[in-house]
>>> print(open('target.pdb').read())   # PDB, C-alpha atoms and all ligand atoms
ATOM      1  CA  MET Z   1      -9.201 -28.278 -84.250
ATOM      2  CA  GLU Z   2     -10.003 -25.128 -82.391
ATOM      3  CA  SER Z   3      -8.617 -21.804 -83.274
ATOM      4  CA  THR Z   4      -5.729 -20.136 -81.934
ATOM      5  CA  ALA Z   5      -4.228 -17.655 -79.637
ATOM      6  CA  SER Z   6      -4.858 -14.748 -81.899
ATOM      7  CA  ALA Z   7      -6.870 -15.808 -84.875
ATOM      8  CA  GLY Z   8     -10.065 -14.013 -85.767
ATOM      9  CA  ASN Z   9     -13.245 -15.990 -86.184
ATOM     10  CA  GLY Z  10     -13.299 -19.720 -86.886
ATOM     11  CA  GLU Z  11     -14.160 -19.227 -90.537
ATOM     12  CA  GLU Z  12     -11.125 -17.108 -91.117
ATOM     13  CA  THR Z  13      -9.006 -19.624 -89.295
ATOM     14  CA  SER Z  14     -10.105 -22.582 -91.364
ATOM     15  CA  LYS Z  15      -9.671 -20.609 -94.585
ATOM     16  CA  GLN Z  16      -6.233 -19.660 -93.470
ATOM     17  CA  LYS Z  17      -5.409 -23.233 -92.552
ATOM     18  CA  LYS Z  18      -6.510 -24.467 -95.922
ATOM     19  CA  ASN Z  19      -4.297 -21.901 -97.597
ATOM     20  CA  SER Z  20      -1.184 -22.190 -95.581
ATOM     21  CA  GLY Z  21      -1.395 -24.993 -93.012
ATOM     22  CA  LEU Z  22      -0.569 -22.408 -90.366
ATOM     23  CA  PHE Z  23      -2.586 -20.769 -87.632
ATOM     24  CA  LYS Z  24      -2.058 -17.544 -85.753
ATOM     25  CA  VAL Z  25      -0.901 -17.317 -82.169
ATOM     26  CA  SER Z  26      -0.287 -14.306 -80.004
ATOM     27  CA  PRO Z  27       3.329 -13.146 -79.484
ATOM     28  CA  TYR Z  28       2.454 -13.077 -75.777
ATOM     29  CA  MET Z  29       2.561 -16.861 -75.822
ATOM     30  CA  VAL Z  30       6.357 -16.761 -76.090
ATOM     31  CA  ILE Z  31       7.469 -17.157 -72.485
ATOM     32  CA  PRO Z  32      11.203 -16.783 -71.839
ATOM     33  CA  SER Z  33      12.938 -19.901 -70.457
ATOM     34  CA  ARG Z  34      10.215 -22.222 -71.752
ATOM     35  CA  VAL Z  35      10.584 -24.710 -74.553
ATOM     36  CA  GLY Z  36       7.929 -24.794 -77.240
ATOM     37  CA  GLY Z  37       6.970 -28.162 -78.710
ATOM     38  CA  PHE Z  38       6.187 -26.346 -81.958
ATOM     39  CA  SER Z  39       8.015 -24.193 -84.492
ATOM     40  CA  LEU Z  40       7.107 -20.521 -84.661
ATOM     41  CA  TYR Z  41       6.985 -18.520 -87.859
ATOM     42  CA  LEU Z  42       6.855 -14.823 -88.670
ATOM     43  CA  LYS Z  43       5.107 -13.444 -91.701
ATOM     44  CA  GLN Z  44       7.257 -11.129 -93.786
ATOM     45  CA  ASP Z  45       5.581  -9.816 -96.904
ATOM     46  CA  ASP Z  46       3.971 -12.989 -98.165
ATOM     47  CA  ASN Z  47       6.518 -15.414 -96.781
ATOM     48  CA  PHE Z  48       6.603 -17.320 -93.547
ATOM     49  CA  VAL Z  49      10.007 -17.177 -91.935
ATOM     50  CA  LEU Z  50      11.108 -19.561 -89.203
ATOM     51  CA  TYR Z  51      11.407 -17.608 -85.967
ATOM     52  CA  ALA Z  52      12.012 -20.314 -83.363
ATOM     53  CA  GLU Z  53      12.514 -23.981 -84.022
ATOM     54  CA  LYS Z  54      10.521 -26.725 -82.311
ATOM     55  CA  GLY Z  55      12.261 -27.717 -79.078
ATOM     56  CA  GLU Z  56      14.185 -24.434 -78.900
ATOM     57  CA  LEU Z  57      14.349 -22.612 -75.586
ATOM     58  CA  PHE Z  58      12.566 -19.271 -75.708
ATOM     59  CA  THR Z  59      14.711 -16.486 -74.272
ATOM     60  CA  ASP Z  60      14.363 -12.868 -73.212
ATOM     61  CA  ALA Z  61      16.079 -12.020 -76.499
ATOM     62  CA  HIS Z  62      13.241 -13.741 -78.390
ATOM     63  CA  LYS Z  63      10.697 -11.692 -76.508
ATOM     64  CA  GLU Z  64      12.574  -8.408 -76.925
ATOM     65  CA  ARG Z  65      13.036  -8.979 -80.619
ATOM     66  CA  LEU Z  66       9.315  -9.560 -81.003
ATOM     67  CA  GLY Z  67       8.680  -6.260 -79.228
ATOM     68  CA  LYS Z  68      11.046  -4.454 -81.606
ATOM     69  CA  LEU Z  69       9.578  -6.096 -84.690
ATOM     70  CA  ASP Z  70       6.147  -5.052 -83.456
ATOM     71  CA  VAL Z  71       4.459  -8.202 -84.781
ATOM     72  CA  ASP Z  72       0.790  -8.781 -84.133
ATOM     73  CA  HIS Z  73       0.906 -12.504 -84.738
ATOM     74  CA  LEU Z  74       3.165 -15.470 -84.920
ATOM     75  CA  TYR Z  75       2.253 -18.620 -86.786
ATOM     76  CA  VAL Z  76       2.333 -22.296 -85.915
ATOM     77  CA  LYS Z  77       1.902 -25.175 -88.358
ATOM     78  CA  THR Z  78      -1.392 -26.997 -87.934
ATOM     79  CA  GLU Z  79       0.497 -30.282 -87.558
ATOM     80  CA  ASP Z  80       2.088 -28.779 -84.422
ATOM     81  CA  TYR Z  81      -1.281 -27.901 -82.892
ATOM     82  CA  ALA Z  82      -1.084 -30.609 -80.200
ATOM     83  CA  GLY Z  83       2.355 -29.355 -79.134
ATOM     84  CA  TYR Z  84       1.066 -25.794 -78.972
ATOM     85  CA  ALA Z  85      -2.012 -26.780 -76.932
ATOM     86  CA  THR Z  86       0.147 -28.734 -74.479
ATOM     87  CA  TYR Z  87       2.510 -25.768 -74.142
ATOM     88  CA  VAL Z  88      -0.370 -23.429 -73.291
ATOM     89  CA  GLN Z  89      -1.807 -25.954 -70.817
ATOM     90  CA  ASP Z  90       1.573 -26.459 -69.136
ATOM     91  CA  ASN Z  91       2.174 -22.733 -68.825
ATOM     92  CA  ILE Z  92      -1.347 -21.547 -68.176
ATOM     93  CA  LEU Z  93      -0.661 -20.507 -64.602
ATOM     94  CA  ASP Z  94       2.146 -18.150 -65.702
ATOM     95  CA  LEU Z  95       0.140 -16.841 -68.620
ATOM     96  CA  LEU Z  96      -2.954 -16.134 -66.520
ATOM     97  CA  ASP Z  97      -0.874 -14.466 -63.845
ATOM     98  CA  ASP Z  98       1.137 -12.249 -66.174
ATOM     99  CA  GLU Z  99      -0.141  -8.701 -65.771
ATOM    100  CA  THR Z 100       1.890  -7.560 -68.793
ATOM    101  CA  ILE Z 101      -0.429  -9.614 -71.044
ATOM    102  CA  PRO Z 102      -3.799  -8.001 -71.796
ATOM    103  CA  VAL Z 103      -6.628  -9.790 -69.982
ATOM    104  CA  ARG Z 104      -8.330 -10.631 -73.260
ATOM    105  CA  GLU Z 105      -5.223 -12.442 -74.539
ATOM    106  CA  ARG Z 106      -5.068 -14.400 -71.308
ATOM    107  CA  ALA Z 107      -8.736 -15.329 -71.645
ATOM    108  CA  ARG Z 108      -8.063 -16.428 -75.202
ATOM    109  CA  ALA Z 109      -5.105 -18.577 -74.124
ATOM    110  CA  TRP Z 110      -7.273 -20.104 -71.402
ATOM    111  CA  ASN Z 111      -9.914 -20.946 -73.971
ATOM    112  CA  ASP Z 112      -7.347 -22.548 -76.319
ATOM    113  CA  ALA Z 113      -5.967 -24.693 -73.516
ATOM    114  CA  THR Z 114      -9.394 -25.688 -72.217
ATOM    115  CA  VAL Z 115     -11.050 -26.411 -75.547
ATOM    116  CA  SER Z 116      -8.333 -28.822 -76.588
ATOM    117  CA  LEU Z 117      -8.544 -30.694 -73.275
ATOM    118  CA  ALA Z 118     -12.335 -30.770 -73.163
ATOM    119  CA  ARG Z 119     -12.610 -31.828 -76.791
ATOM    120  CA  GLU Z 120     -10.275 -34.753 -76.064
ATOM    121  CA  ALA Z 121     -12.252 -35.754 -72.989
ATOM    122  CA  PHE Z 122     -15.478 -35.816 -75.013
ATOM    123  CA  THR Z 123     -14.106 -37.780 -77.961
ATOM    124  CA  LYS Z 124     -16.267 -40.767 -78.655
ATOM    125  CA  ASN Z 125     -13.535 -42.943 -80.128
ATOM    126  CA  LEU Z 126     -11.732 -43.156 -76.865
ATOM    127  CA  PRO Z 127     -12.056 -46.225 -74.732
ATOM    128  CA  LYS Z 128     -15.274 -45.933 -72.779
ATOM    129  CA  SER Z 129     -13.741 -44.596 -69.645
ATOM    130  CA  LEU Z 130     -11.922 -41.319 -69.407
ATOM    131  CA  ASP Z 131      -8.254 -41.990 -68.755
ATOM    132  CA  ARG Z 132      -6.348 -40.746 -65.738
ATOM    133  CA  ARG Z 133      -3.849 -38.701 -67.688
ATOM    134  CA  ARG Z 134      -6.600 -36.609 -69.270
ATOM    135  CA  PHE Z 135      -8.415 -36.324 -65.987
ATOM    136  CA  LYS Z 136      -5.286 -35.086 -64.176
ATOM    137  CA  LYS Z 137      -4.757 -32.442 -66.855
ATOM    138  CA  ILE Z 138      -8.329 -31.185 -66.490
ATOM    139  CA  GLN Z 139      -7.930 -31.117 -62.721
ATOM    140  CA  ALA Z 140      -4.676 -29.136 -62.975
ATOM    141  CA  LEU Z 141      -6.129 -26.713 -65.496
ATOM    142  CA  ILE Z 142      -9.146 -25.925 -63.319
ATOM    143  CA  HIS Z 143      -6.945 -25.558 -60.264
ATOM    144  CA  ASN Z 144      -4.662 -23.179 -62.140
ATOM    145  CA  SER Z 145      -7.642 -21.140 -63.338
ATOM    146  CA  LEU Z 146      -9.191 -20.307 -59.963
ATOM    147  CA  LYS Z 147      -7.213 -17.147 -59.319
ATOM    148  CA  PHE Z 148      -8.030 -15.827 -62.789
ATOM    149  CA  PHE Z 149     -11.717 -16.681 -62.302
ATOM    150  CA  SER Z 150     -11.746 -14.561 -59.149
ATOM    151  CA  ARG Z 151     -10.953 -11.400 -61.139
ATOM    152  CA  ASP Z 152     -13.894  -9.039 -61.523
ATOM    153  CA  ASP Z 153     -13.451  -8.968 -65.304
ATOM    154  CA  ALA Z 154     -12.813 -12.716 -65.831
ATOM    155  CA  LEU Z 155     -16.303 -13.751 -66.908
ATOM    156  CA  LYS Z 156     -16.701 -10.749 -69.180
ATOM    157  CA  GLU Z 157     -13.467 -11.574 -71.036
ATOM    158  CA  LEU Z 158     -13.912 -15.354 -71.015
ATOM    159  CA  SER Z 159     -17.470 -15.173 -72.266
ATOM    160  CA  ARG Z 160     -16.252 -13.700 -75.576
ATOM    161  CA  PHE Z 161     -14.674 -17.076 -76.273
ATOM    162  CA  ILE Z 162     -16.863 -19.591 -74.466
ATOM    163  CA  LYS Z 163     -20.365 -18.429 -75.387
ATOM    164  CA  ASP Z 164     -20.331 -19.951 -78.876
ATOM    165  CA  GLY Z 165     -20.100 -23.554 -79.999
ATOM    166  CA  SER Z 166     -22.835 -26.143 -79.870
ATOM    167  CA  GLU Z 167     -20.893 -29.277 -79.057
ATOM    168  CA  LEU Z 168     -21.229 -31.063 -75.751
ATOM    169  CA  PHE Z 169     -17.780 -29.991 -74.603
ATOM    170  CA  HIS Z 170     -18.578 -26.318 -75.311
ATOM    171  CA  HIS Z 171     -21.593 -26.646 -73.025
ATOM    172  CA  GLY Z 172     -19.355 -28.339 -70.440
ATOM    173  CA  ILE Z 173     -16.857 -25.464 -70.494
ATOM    174  CA  GLY Z 174     -19.541 -22.734 -70.361
ATOM    175  CA  THR Z 175     -21.312 -24.454 -67.475
ATOM    176  CA  MET Z 176     -18.059 -25.030 -65.617
ATOM    177  CA  VAL Z 177     -16.928 -21.385 -65.743
ATOM    178  CA  LEU Z 178     -20.289 -20.054 -64.619
ATOM    179  CA  THR Z 179     -20.703 -22.675 -61.882
ATOM    180  CA  ILE Z 180     -17.292 -21.956 -60.358
ATOM    181  CA  ILE Z 181     -17.807 -18.184 -60.469
ATOM    182  CA  VAL Z 182     -21.284 -18.355 -58.882
ATOM    183  CA  LEU Z 183     -20.087 -20.859 -56.279
ATOM    184  CA  SER Z 184     -17.101 -18.625 -55.445
ATOM    185  CA  SER Z 185     -19.555 -15.895 -54.421
ATOM    186  CA  PHE Z 186     -20.191 -17.815 -51.187
ATOM    187  CA  VAL Z 187     -17.526 -20.525 -50.980
ATOM    188  CA  LYS Z 188     -14.333 -18.888 -49.808
ATOM    189  CA  ASN Z 189     -10.938 -20.475 -49.227
ATOM    190  CA  ASP Z 190     -11.908 -23.933 -50.389
ATOM    191  CA  PRO Z 191     -10.091 -24.476 -53.699
ATOM    192  CA  ASP Z 192     -10.469 -28.264 -53.463
ATOM    193  CA  LEU Z 193     -14.250 -27.941 -53.481
ATOM    194  CA  LEU Z 194     -14.181 -25.455 -56.379
ATOM    195  CA  VAL Z 195     -11.965 -27.797 -58.408
ATOM    196  CA  ALA Z 196     -14.090 -30.865 -57.596
ATOM    197  CA  VAL Z 197     -17.281 -29.061 -58.612
ATOM    198  CA  GLY Z 198     -15.571 -27.554 -61.655
ATOM    199  CA  ILE Z 199     -14.618 -31.021 -62.917
ATOM    200  CA  GLY Z 200     -18.157 -32.255 -62.279
ATOM    201  CA  ALA Z 201     -19.578 -29.245 -64.144
ATOM    202  CA  MET Z 202     -17.283 -29.775 -67.120
ATOM    203  CA  LEU Z 203     -18.102 -33.496 -67.355
ATOM    204  CA  HIS Z 204     -21.723 -33.393 -66.191
ATOM    205  CA  ASP Z 205     -23.199 -34.484 -69.543
ATOM    206  CA  ILE Z 206     -20.467 -36.913 -70.569
ATOM    207  CA  GLY Z 207     -22.942 -39.797 -70.175
ATOM    208  CA  LYS Z 208     -24.749 -38.501 -73.275
ATOM    209  CA  LEU Z 209     -21.883 -39.890 -75.344
ATOM    210  CA  GLU Z 210     -23.266 -43.359 -74.709
ATOM    211  CA  LEU Z 211     -26.705 -42.547 -76.107
ATOM    212  CA  PRO Z 212     -27.817 -41.964 -79.725
ATOM    213  CA  GLU Z 213     -27.358 -38.299 -80.644
ATOM    214  CA  SER Z 214     -30.780 -38.203 -82.309
ATOM    215  CA  LEU Z 215     -32.422 -38.467 -78.870
ATOM    216  CA  PHE Z 216     -31.167 -35.019 -77.958
ATOM    217  CA  THR Z 217     -32.279 -33.210 -81.085
ATOM    218  CA  ARG Z 218     -35.969 -34.062 -80.653
ATOM    219  CA  ARG Z 219     -38.485 -32.312 -78.455
ATOM    220  CA  TRP Z 220     -39.069 -33.954 -75.096
ATOM    221  CA  ASP Z 221     -42.836 -34.257 -75.779
ATOM    222  CA  ASN Z 222     -42.172 -36.198 -78.986
ATOM    223  CA  LEU Z 223     -40.160 -38.884 -77.247
ATOM    224  CA  SER Z 224     -41.633 -42.174 -76.110
ATOM    225  CA  GLN Z 225     -41.499 -43.028 -72.445
ATOM    226  CA  ALA Z 226     -38.671 -45.475 -73.123
ATOM    227  CA  GLU Z 227     -36.717 -42.751 -74.917
ATOM    228  CA  GLN Z 228     -37.302 -40.309 -72.083
ATOM    229  CA  GLY Z 229     -36.026 -42.997 -69.748
ATOM    230  CA  MET Z 230     -32.864 -43.321 -71.831
ATOM    231  CA  ILE Z 231     -32.259 -39.581 -71.613
ATOM    232  CA  LYS Z 232     -32.810 -39.689 -67.878
ATOM    233  CA  SER Z 233     -30.089 -42.331 -67.618
ATOM    234  CA  HIS Z 234     -27.323 -39.983 -68.818
ATOM    235  CA  PRO Z 235     -26.261 -38.796 -65.349
ATOM    236  CA  ALA Z 236     -25.727 -42.391 -64.181
ATOM    237  CA  LEU Z 237     -23.996 -43.306 -67.451
ATOM    238  CA  GLY Z 238     -21.677 -40.339 -66.882
ATOM    239  CA  VAL Z 239     -20.706 -41.632 -63.459
ATOM    240  CA  GLY Z 240     -19.979 -44.992 -65.119
ATOM    241  CA  ILE Z 241     -17.652 -43.394 -67.680
ATOM    242  CA  CYS Z 242     -15.715 -41.747 -64.860
ATOM    243  CA  SER Z 243     -15.737 -44.771 -62.559
ATOM    244  CA  SER Z 244     -12.057 -45.606 -62.983
ATOM    245  CA  LEU Z 245     -10.974 -42.114 -61.972
ATOM    246  CA  PRO Z 246     -10.080 -40.997 -58.464
ATOM    247  CA  LEU Z 247     -12.996 -38.567 -58.336
ATOM    248  CA  PRO Z 248     -14.018 -36.758 -55.182
ATOM    249  CA  GLN Z 249     -17.536 -37.330 -53.904
ATOM    250  CA  GLU Z 250     -18.549 -33.794 -54.886
ATOM    251  CA  THR Z 251     -17.632 -34.407 -58.540
ATOM    252  CA  LEU Z 252     -19.697 -37.593 -58.669
ATOM    253  CA  GLN Z 253     -22.652 -35.838 -57.044
ATOM    254  CA  CYS Z 254     -22.449 -33.073 -59.626
ATOM    255  CA  ILE Z 255     -22.549 -35.560 -62.494
ATOM    256  CA  LEU Z 256     -25.293 -37.660 -60.947
ATOM    257  CA  PHE Z 257     -27.591 -34.924 -59.636
ATOM    258  CA  HIS Z 258     -27.309 -32.065 -62.137
ATOM    259  CA  HIS Z 259     -30.944 -32.549 -63.246
ATOM    260  CA  GLU Z 260     -32.438 -32.513 -59.769
ATOM    261  CA  ARG Z 261     -34.799 -29.693 -58.915
ATOM    262  CA  GLU Z 262     -35.632 -27.710 -55.817
ATOM    263  CA  ASP Z 263     -39.249 -28.998 -55.778
ATOM    264  CA  GLY Z 264     -38.275 -32.653 -56.280
ATOM    265  CA  SER Z 265     -39.450 -32.797 -59.900
ATOM    266  CA  GLY Z 266     -35.993 -33.563 -61.277
ATOM    267  CA  TYR Z 267     -34.167 -36.816 -61.914
ATOM    268  CA  PRO Z 268     -32.718 -39.358 -61.257
ATOM    269  CA  SER Z 269     -33.497 -39.308 -57.520
ATOM    270  CA  GLY Z 270     -36.289 -36.702 -57.329
ATOM    271  CA  ALA Z 271     -34.657 -35.355 -54.166
ATOM    272  CA  VAL Z 272     -35.985 -31.988 -52.940
ATOM    273  CA  GLY Z 273     -33.780 -28.938 -52.462
ATOM    274  CA  LYS Z 274     -33.090 -29.342 -48.774
ATOM    275  CA  LEU Z 275     -31.419 -32.696 -49.520
ATOM    276  CA  LEU Z 276     -29.210 -31.285 -52.271
ATOM    277  CA  PRO Z 277     -25.795 -29.780 -51.584
ATOM    278  CA  SER Z 278     -25.578 -26.093 -52.533
ATOM    279  CA  TYR Z 279     -22.940 -26.775 -55.199
ATOM    280  CA  VAL Z 280     -25.346 -29.166 -56.962
ATOM    281  CA  LYS Z 281     -27.980 -26.413 -56.926
ATOM    282  CA  VAL Z 282     -25.529 -23.968 -58.510
ATOM    283  CA  LEU Z 283     -24.626 -26.481 -61.207
ATOM    284  CA  ALA Z 284     -28.275 -27.385 -61.911
ATOM    285  CA  LEU Z 285     -29.045 -23.694 -62.396
ATOM    286  CA  CYS Z 286     -25.976 -22.850 -64.514
ATOM    287  CA  ASN Z 287     -26.610 -25.955 -66.639
ATOM    288  CA  GLU Z 288     -30.142 -24.755 -67.323
ATOM    289  CA  TYR Z 289     -28.953 -21.244 -68.155
ATOM    290  CA  ASP Z 290     -26.200 -22.476 -70.489
ATOM    291  CA  ASN Z 291     -28.633 -24.821 -72.268
ATOM    292  CA  LEU Z 292     -31.106 -22.001 -72.878
ATOM    293  CA  THR Z 293     -28.512 -19.535 -74.152
ATOM    294  CA  ARG Z 294     -26.351 -21.905 -76.219
ATOM    295  CA  HIS Z 295     -27.101 -22.684 -79.814
ATOM    296  CA  GLU Z 296     -28.420 -26.177 -80.409
ATOM    297  CA  SER Z 297     -30.053 -27.418 -83.587
ATOM    298  CA  GLY Z 298     -33.824 -27.173 -83.641
ATOM    299  CA  ARG Z 299     -34.143 -24.849 -80.677
ATOM    300  CA  LYS Z 300     -34.379 -21.102 -80.445
ATOM    301  CA  ILE Z 301     -31.458 -19.612 -78.627
ATOM    302  CA  LEU Z 302     -32.535 -17.273 -75.813
ATOM    303  CA  THR Z 303     -30.838 -14.034 -74.825
ATOM    304  CA  PRO Z 304     -29.462 -13.971 -71.266
ATOM    305  CA  PHE Z 305     -32.436 -11.850 -70.183
ATOM    306  CA  GLU Z 306     -34.958 -14.234 -71.792
ATOM    307  CA  ALA Z 307     -33.215 -17.240 -70.258
ATOM    308  CA  LEU Z 308     -33.335 -15.723 -66.771
ATOM    309  CA  THR Z 309     -36.992 -14.806 -67.260
ATOM    310  CA  ARG Z 310     -37.721 -18.384 -68.317
ATOM    311  CA  ILE Z 311     -35.882 -19.781 -65.303
ATOM    312  CA  LYS Z 312     -37.785 -17.421 -62.984
ATOM    313  CA  SER Z 313     -41.046 -18.643 -64.498
ATOM    314  CA  MET Z 314     -40.155 -22.270 -63.681
ATOM    315  CA  ARG Z 315     -41.446 -21.784 -60.176
ATOM    316  CA  ASN Z 316     -39.593 -23.701 -57.462
ATOM    317  CA  ALA Z 317     -37.371 -25.526 -59.947
ATOM    318  CA  HIS Z 318     -34.282 -23.660 -58.789
ATOM    319  CA  ASP Z 319     -33.068 -22.203 -55.549
ATOM    320  CA  GLU Z 320     -33.957 -18.498 -55.355
ATOM    321  CA  ASP Z 321     -30.800 -17.476 -53.567
ATOM    322  CA  MET Z 322     -28.654 -19.197 -56.212
ATOM    323  CA  LEU Z 323     -30.642 -17.504 -58.959
ATOM    324  CA  LYS Z 324     -29.984 -14.105 -57.359
ATOM    325  CA  ARG Z 325     -26.297 -14.950 -57.257
ATOM    326  CA  LEU Z 326     -26.299 -15.978 -60.917
ATOM    327  CA  ILE Z 327     -28.030 -12.727 -61.887
ATOM    328  CA  ALA Z 328     -25.488 -10.722 -59.874
ATOM    329  CA  VAL Z 329     -22.556 -12.519 -61.539
ATOM    330  CA  LEU Z 330     -24.006 -12.008 -65.026
ATOM    331  CA  SER Z 331     -24.750  -8.344 -64.483
ATOM    332  CA  LYS Z 332     -21.270  -7.704 -63.117
ATOM    333  CA  ALA Z 333     -19.924  -9.231 -66.355
ATOM    334  CA  GLU Z 334     -22.343  -6.991 -68.299
ATOM    335  CA  ILE Z 335     -23.976 -10.080 -69.767
ATOM    336  CA  ALA Z 336     -27.476  -9.622 -68.397
TER
HETATM  337 FE    FE Z 401     -27.649 -33.266 -68.441
HETATM  338 FE    FE Z 402     -26.062 -30.123 -69.460
END
>>> encode(input="target.pdb", output="structure tokens", more="lines below")
Ligand SMILES: [Fe+2]
Ligand SMILES: [Fe+2]
Amino acid sequence: MESTASAGNGEETSKQKKNSGLFKVSPYMVIPSRVGGFSLYLKQDDNFVLYAEKGELFTDAHKERLGKLDVDHLYVKTEDYAGYATYVQDNILDLLDDETIPVRERARAWNDATVSLAREAFTKNLPKSLDRRRFKKIQALIHNSLKFFSRDDALKELSRFIKDGSELFHHGIGTMVLTIIVLSSFVKNDPDLLVAVGIGAMLHDIGKLELPESLFTRRWDNLSQAEQGMIKSHPALGVGICSSLPLPQETLQCILFHHEREDGSGYPSGAVGKLLPSYVKVLALCNEYDNLTRHESGRKILTPFEALTRIKSMRNAHDEDMLKRLIAVLSKAEIA
């Protein structure tokens, strides 16, 4: 389970959960005229007091009272986590748009909503294909995020929450945010394309779920040719997992071609840059950057500057114009 609207670090959250079975959420998550599928508690001295019952309609009075009480946090029982995550997902558009909520709290809410969806999508126990209900939720979430992503400070605030985490879905989220923001620097007024590419970026490595995890923790040079071949099959396996979904062409291309390179040295097709759509080039680059800067066992994590230097040194692997755009986006967010 991921943390919460207002919890501190993950360690603190799990300690807290062990102690009380409750996790912190921000009072900003109480939206008047919405119903919460979770009970909310206040902490008074050392006791948790019921503030709003599951299924109760939140009202302006609820919100005002919270303002008067000056509470920093509300609490939700861990068993209600799914209800809380669904509530944030369902109301994300209002939350992201609400200028009375500090941007950081909105970024945190976005992360809560997205992590729970992405984690579900990448769960191995599910039937092999991703179901339509989950897919539709991801599609809606990305669509509802576009306006927030277009803010100048979005990446800076979001990166506080999305830069950590070594699981496949964390990498999917990090790559998706960066890909959409870089793509938005030259794709204007085409939300359908941004959403289609965003879904492809989030799910680009989902085919890895069908391969033994141990393959991905070893160095490429130490793998046999057959093992390298298995790794190279993950884009096609990913398309297979998503085959029952009504995916746009652009999403499928993102999943299938995210390891292609400008000079034709990539896989699976070995197509050169001029044959690749620009959104695939953006994804290929942001995927590389996220891989280099994200913690993964057995590999040294690079700083943003080191990662960009490494990418620059991989001559002709990535499109130069896209790299300039990535650098511009990162420096605007004060990341590199
Ligand atoms: Fe990949
Ligand atoms: Fe990847």
>>> resolve_selection(input="target.pdb", expression="the PyMOL selection byres (((not hetatm)) within 9 of (chain Z and resi 402))", output="ChimeraX atom specification")
/Z:168,171-172,175,201,203-206,258-259,284,286-288,290-291
>>> residues_around(input="target.pdb", residues="Asp60 of chain Z", least_positions_apart="4", cutoff="12 Å", atoms="all atoms listed in the file", output="number ranges by chain")
Z: 30-34, 64-67
>>> closest_residue(input="target.pdb", among="Z:Val272, Z:Val282, Z:Ala236, Z:Leu302", to="ligand FE 401 (chain Z)", atoms="all atoms listed in the file")
Z:Ala236
>>> resolve_selection(input="target.pdb", expression="the PyMOL selection byres (((chain Z and resi 230) around 12) and not hetatm)", output="PyMOL selection string")
chain Z and resi 207-208+210-216+220+223-229+231-237+267-268
>>> resolve_selection(input="target.pdb", expression="the PyMOL selection byres (((chain Z and resi 285) around 12) and not hetatm)", output="number ranges by chain")
Z: 175-176, 178-179, 182-183, 201, 254, 257-262, 278-284, 286-292, 307-308, 310-312, 314, 316-327
>>> closest_residue(input="target.pdb", among="Z:Met29, Z:Leu256, Z:Val49, Z:Leu74", to="ligand FE 401 (chain Z)", atoms="all atoms listed in the file")
Z:Leu256
>>> atom_distance(input="target.pdb", atom1="atom CA of Ile255 of chain Z", atom2="atom CA of Gly238 of chain Z")
6.5 Å
